[in-house]
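Novice: The structure follows.
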Amino acid sequence: MAEILTACVAAIAALRLLRLRLLFAGVSVRWSLFWWLGSLVYVCVLAAADACAVDSSPAVKSILNYGAAVLLLTPAVSTLGARRHGLQAWQCFVVLPLLLVLMWPAVAETTFSRDSRPLLLSGPALAGYIAVLILSAGPGLGGGLTWSCLLRLAACLWMLAPAAGWLSAGSNVLLPVVLLLAAEAELTAWQLLRRHSAVRNSAAIVSRTNCVWLLFQDLYGPVWTHRFMNRMRQFQRAERWHCSLELSGFEAADGGELTAQVLQQPLQSFRWVLSRFAEPQWIEQQFAESCAVASEATTDAAANGT
């Protein structure tokens, strides 16, 4: 019964993520969504195999579970290289080799033991996994998706526990891991859809730009956010803007209300830097949707005035 519940929850979480595919289309973090869905499908297959009572040795089962722990790292690692230029190269020369490097000790250990005992990682192999886990937490911790990131970290550690020796080899870790991943998917979907809705409903150019900026922060995390801001500050010093880009959005230099006229030149630089991460069609779509809202609001106001 628990195995069937695990498979169902994993499938529901994957379907929840599929709702975000249109939002991720056109941005470089679409590869993160791809790896995220892939890891969920893999966990779902493991749970389905358990539900169908597929016969496998403890050693094989342990290495398959460890493979899930490794796969759960890939979305965050992919986000670390989420820039349009060199995006495919990052997947081929960083993410895929990372999978091979982390899986190699497990395969070697299982081969050496001749399938006679469950996987138990050595100290260096375990330290390598923990190091990658900590480094890959950068795109999530400290931003709007901090709780989602913490849930992912907990799922990774729980999935790793039998291979690390923290739990017995026969422990059923799939159900708690899937529940954590389902909660992460729900929180992430709620946050990103809320941000996207704010972009669609923004009528003024200033609020629209700030909403797109907040959406970017949630999609890419604090690491890319600070690099984005550093690039914008270079433009600010060179072009002597009367506003600056902060975490909350564009703010006037004198502390007053920011106008569309003051934002005109910084907005060009903002869109140029944004184009390093998103396709031109995606950028135009975010602003076009808000323009449509503004036009509709103006029409309604004129109609009410008459």
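By convention in this document, the chains of the structure tokens carry letters A, B, ... by their order, each chain's residues are numbered from 1, and ligands are numbered from 1 in the order they are shown.
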Using DSSP on the backbone, list every residue of segment 175-258 of chain A that comes out as helix (DSSP H, G or I), and give them as a count of residues only.
Specialist: 61
Novice: What are the closest atom pairs, with distances in Å to one decimal, for all residues of segment 133-227 of chain A lying within 8 Å of segment 59-82 of chain A? Consider only C-alpha atoms, order rows by chain and residue number, and present the result as a tab-separated table.
Specialist:
residue	atom	partner	partner_atom	distance
A:Leu133	CA	A:Leu73	CA	6.6
A:Ser136	CA	A:Ala76	CA	5.3
A:Ala137	CA	A:Ala76	CA	6.7
A:Gly138	CA	A:Ala76	CA	8.0
A:Pro139	CA	A:Ala76	CA	6.4
A:Gly140	CA	A:Ala76	CA	7.8
A:Arg152	CA	A:Leu72	CA	7.7
A:Cys156	CA	A:Ala69	CA	5.3
A:Leu157	CA	A:Ala69	CA	7.7
A:Met159	CA	A:Ala69	CA	5.3
A:Leu160	CA	A:Ala69	CA	5.7
A:Pro162	CA	A:Ser62	CA	7.5
A:Ala163	CA	A:Tyr66	CA	6.6
A:Ala169	CA	A:Ser62	CA	7.1
A:Tyr220	CA	A:Thr79	CA	6.7
A:Val223	CA	A:Leu80	CA	7.9
A:Trp224	CA	A:Leu80	CA	7.9
Novice: For those residues, write N, CA and C atoms to a file as an mmCIF file, in the first residue's frame.
Specialist:
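Full text of part_22.cif as output:
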data_model
loop_
_atom_site.group_PDB
_atom_site.id
_atom_site.type_symbol
_atom_site.label_atom_id
_atom_site.label_comp_id
_atom_site.auth_asym_id
_atom_site.auth_seq_id
_atom_site.Cartn_x
_atom_site.Cartn_y
_atom_site.Cartn_z
ATOM 1 N N LEU A 133 26.216 18.824 -2.820
ATOM 2 C CA LEU A 133 24.917 19.216 -2.266
ATOM 3 C C LEU A 133 24.962 20.620 -1.698
ATOM 4 N N SER A 136 25.482 23.232 -4.588
ATOM 5 C CA SER A 136 24.312 23.367 -5.454
ATOM 6 C C SER A 136 23.141 24.030 -4.749
ATOM 7 N N ALA A 137 23.240 24.236 -3.435
ATOM 8 C CA ALA A 137 22.154 24.901 -2.706
ATOM 9 C C ALA A 137 22.138 26.405 -2.972
ATOM 10 N N GLY A 138 23.200 26.939 -3.581
ATOM 11 C CA GLY A 138 23.299 28.371 -3.836
ATOM 12 C C GLY A 138 22.148 28.978 -4.606
ATOM 13 N N PRO A 139 21.650 28.323 -5.682
ATOM 14 C CA PRO A 139 20.553 28.932 -6.442
ATOM 15 C C PRO A 139 19.242 29.062 -5.685
ATOM 16 N N GLY A 140 19.108 28.391 -4.552
ATOM 17 C CA GLY A 140 17.825 28.421 -3.863
ATOM 18 C C GLY A 140 17.808 29.135 -2.537
ATOM 19 N N ARG A 152 14.162 20.292 -0.794
ATOM 20 C CA ARG A 152 14.983 19.499 -1.709
ATOM 21 C C ARG A 152 16.226 18.954 -0.995
ATOM 22 N N CYS A 156 17.216 15.017 -0.521
ATOM 23 C CA CYS A 156 18.503 14.455 -0.937
ATOM 24 C C CYS A 156 19.171 13.698 0.211
ATOM 25 N N LEU A 157 19.193 14.303 1.396
ATOM 26 C CA LEU A 157 19.844 13.663 2.536
ATOM 27 C C LEU A 157 19.109 12.400 2.960
ATOM 28 N N MET A 159 17.324 10.474 0.993
ATOM 29 C CA MET A 159 17.572 9.459 -0.030
ATOM 30 C C MET A 159 18.981 8.888 0.102
ATOM 31 N N LEU A 160 19.895 9.718 0.586
ATOM 32 C CA LEU A 160 21.287 9.294 0.735
ATOM 33 C C LEU A 160 21.497 8.437 1.982
ATOM 34 N N PRO A 162 20.540 5.597 3.564
ATOM 35 C CA PRO A 162 20.969 4.182 3.598
ATOM 36 C C PRO A 162 22.378 3.969 3.054
ATOM 37 N N ALA A 163 22.704 4.633 1.950
ATOM 38 C CA ALA A 163 24.038 4.461 1.365
ATOM 39 C C ALA A 163 25.118 5.077 2.243
ATOM 40 N N ALA A 169 20.020 -0.561 5.666
ATOM 41 C CA ALA A 169 19.930 -0.735 4.215
ATOM 42 C C ALA A 169 18.513 -1.060 3.761
ATOM 43 N N TYR A 220 16.031 32.101 -10.945
ATOM 44 C CA TYR A 220 17.479 31.904 -11.022
ATOM 45 C C TYR A 220 18.191 31.909 -9.681
ATOM 46 N N VAL A 223 22.404 33.665 -6.558
ATOM 47 C CA VAL A 223 23.707 33.711 -7.224
ATOM 48 C C VAL A 223 23.629 34.524 -8.504
ATOM 49 N N TRP A 224 22.697 34.177 -9.393
ATOM 50 C CA TRP A 224 22.558 34.921 -10.638
ATOM 51 C C TRP A 224 21.959 36.312 -10.403
#
Novice: Using only C-alpha atoms, which residue out of A:Ala106, A:Leu174, A:Gln234, A:Ser28 lies closest to His85 of chain A?
Specialist: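 Closest residue, counting only C-alpha atoms: A:Ser28.
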Novice: To test your reading of the structure, identify every residue in segment 215-249 of chain A that backbone DSSP assigns to strand (DSSP E or B), and report it as a list in words.
Specialist: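 The strand (DSSP E or B) subset of segment 215-249 of chain A is Cys243, Ser244, Leu245, Glu246 and Gly249 of chain A.
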Novice: For the selection just defined, write its residues with all heavy atoms to a file, as a short mmCIF file (atom, residue, chain, number, x, y, z; two decimals), in the first residue's frame.
Specialist:
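File written: result-v6.cif
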data_model
loop_
_atom_site.label_atom_id
_atom_site.label_comp_id
_atom_site.auth_asym_id
_atom_site.auth_seq_id
_atom_site.Cartn_x
_atom_site.Cartn_y
_atom_site.Cartn_z
N CYS A 243 18.42 56.34 -11.01
CA CYS A 243 17.79 55.26 -10.26
C CYS A 243 18.77 54.10 -10.19
O CYS A 243 19.81 54.11 -10.85
CB CYS A 243 16.47 54.83 -10.91
SG CYS A 243 16.67 54.12 -12.57
N SER A 244 18.45 53.11 -9.39
CA SER A 244 19.31 51.93 -9.24
C SER A 244 18.44 50.69 -9.09
O SER A 244 17.30 50.77 -8.64
CB SER A 244 20.23 52.08 -8.03
OG SER A 244 19.47 52.20 -6.84
N LEU A 245 19.02 49.56 -9.47
CA LEU A 245 18.32 48.29 -9.34
C LEU A 245 18.67 47.65 -8.01
O LEU A 245 19.83 47.33 -7.75
CB LEU A 245 18.70 47.35 -10.50
CG LEU A 245 18.02 45.98 -10.49
CD1 LEU A 245 16.51 46.11 -10.64
CD2 LEU A 245 18.58 45.09 -11.61
N GLU A 246 17.68 47.46 -7.16
CA GLU A 246 17.85 46.79 -5.87
C GLU A 246 17.09 45.47 -5.90
O GLU A 246 16.44 45.14 -6.89
CB GLU A 246 17.33 47.69 -4.74
CG GLU A 246 17.92 49.09 -4.74
CD GLU A 246 19.43 49.11 -4.50
OE1 GLU A 246 19.95 48.14 -3.92
OE2 GLU A 246 20.10 50.08 -4.90
N GLY A 249 13.54 45.93 -6.65
CA GLY A 249 13.23 46.50 -7.95
C GLY A 249 13.96 47.82 -8.16
O GLY A 249 14.86 48.18 -7.39
#
Novice: Set out as a tab-separated table a contact list for segment 7-54 of chain A and segment 262-277 of chain A with a cut-off of 9 Å, giving each residue of segment 7-54 of chain A that qualifies its closest atom pair and distance in Å to one decimal, counting only C-alpha atoms, ordered by chain and rising residue number.
Specialist:
residue	atom	partner	partner_atom	distance
A:Gly26	CA	A:Phe277	CA	8.8
A:Val27	CA	A:Phe277	CA	6.0
A:Ser28	CA	A:Phe277	CA	5.5
A:Val29	CA	A:Phe277	CA	8.1
Novice: Convert the current residue selection to file output with C-alpha atoms, as a JSON list (two decimals), in the first residue's frame.
Specialist:
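The resulting out21.json:
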[["chain", "number", "residue", "atom", "x", "y", "z"],
["A", 26, "GLY", "CA", 12.03, 30.56, -23.44],
["A", 27, "VAL", "CA", 14.27, 30.85, -20.37],
["A", 28, "SER", "CA", 17.56, 29.07, -19.84],
["A", 29, "VAL", "CA", 16.42, 27.41, -16.59]]
Novice: Between atom CA of Trp36 of chain A and atom CA of Glu184 of chain A, what is the distance in Å, rounded to a tenth?
Specialist: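 Answer for the atom CA of Trp36 of chain A to atom CA of Glu184 of chain A separation: 10.9 Å.
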Novice: Would you pick out the contacts of Cys8 of chain A at 9 Å or less, using only C-alpha atoms, so that residues sharing its chain but fewer than 6 positions from it are not included, and give the list as a ChimeraX atom specification?
Specialist: /A:44,47-48
Novice: Given the selection you just returned, output its residues as a file containing N, CA, C and O atoms, formatted as a short mmCIF file (atom, residue, chain, number, x, y, z; two decimals), in the first residue's frame.
Specialist:
data_model
loop_
_atom_site.label_atom_id
_atom_site.label_comp_id
_atom_site.auth_asym_id
_atom_site.auth_seq_id
_atom_site.Cartn_x
_atom_site.Cartn_y
_atom_site.Cartn_z
N CYS A 44 9.48 7.86 -9.29
CA CYS A 44 8.18 7.24 -9.52
C CYS A 44 8.35 5.81 -10.04
O CYS A 44 7.62 4.89 -9.64
N ALA A 47 9.33 3.57 -7.17
CA ALA A 47 8.18 3.26 -6.33
C ALA A 47 7.25 2.27 -7.02
O ALA A 47 6.70 1.36 -6.37
N ALA A 48 7.06 2.43 -8.33
CA ALA A 48 6.21 1.50 -9.07
C ALA A 48 6.80 0.10 -9.08
O ALA A 48 6.08 -0.91 -8.98
#
Novice: With distances taken over only C-alpha atoms, which residue among A:Trp90, A:Leu151, A:Arg200, A:Met103 lies nearest Leu126 of chain A?
Specialist: A:Met103
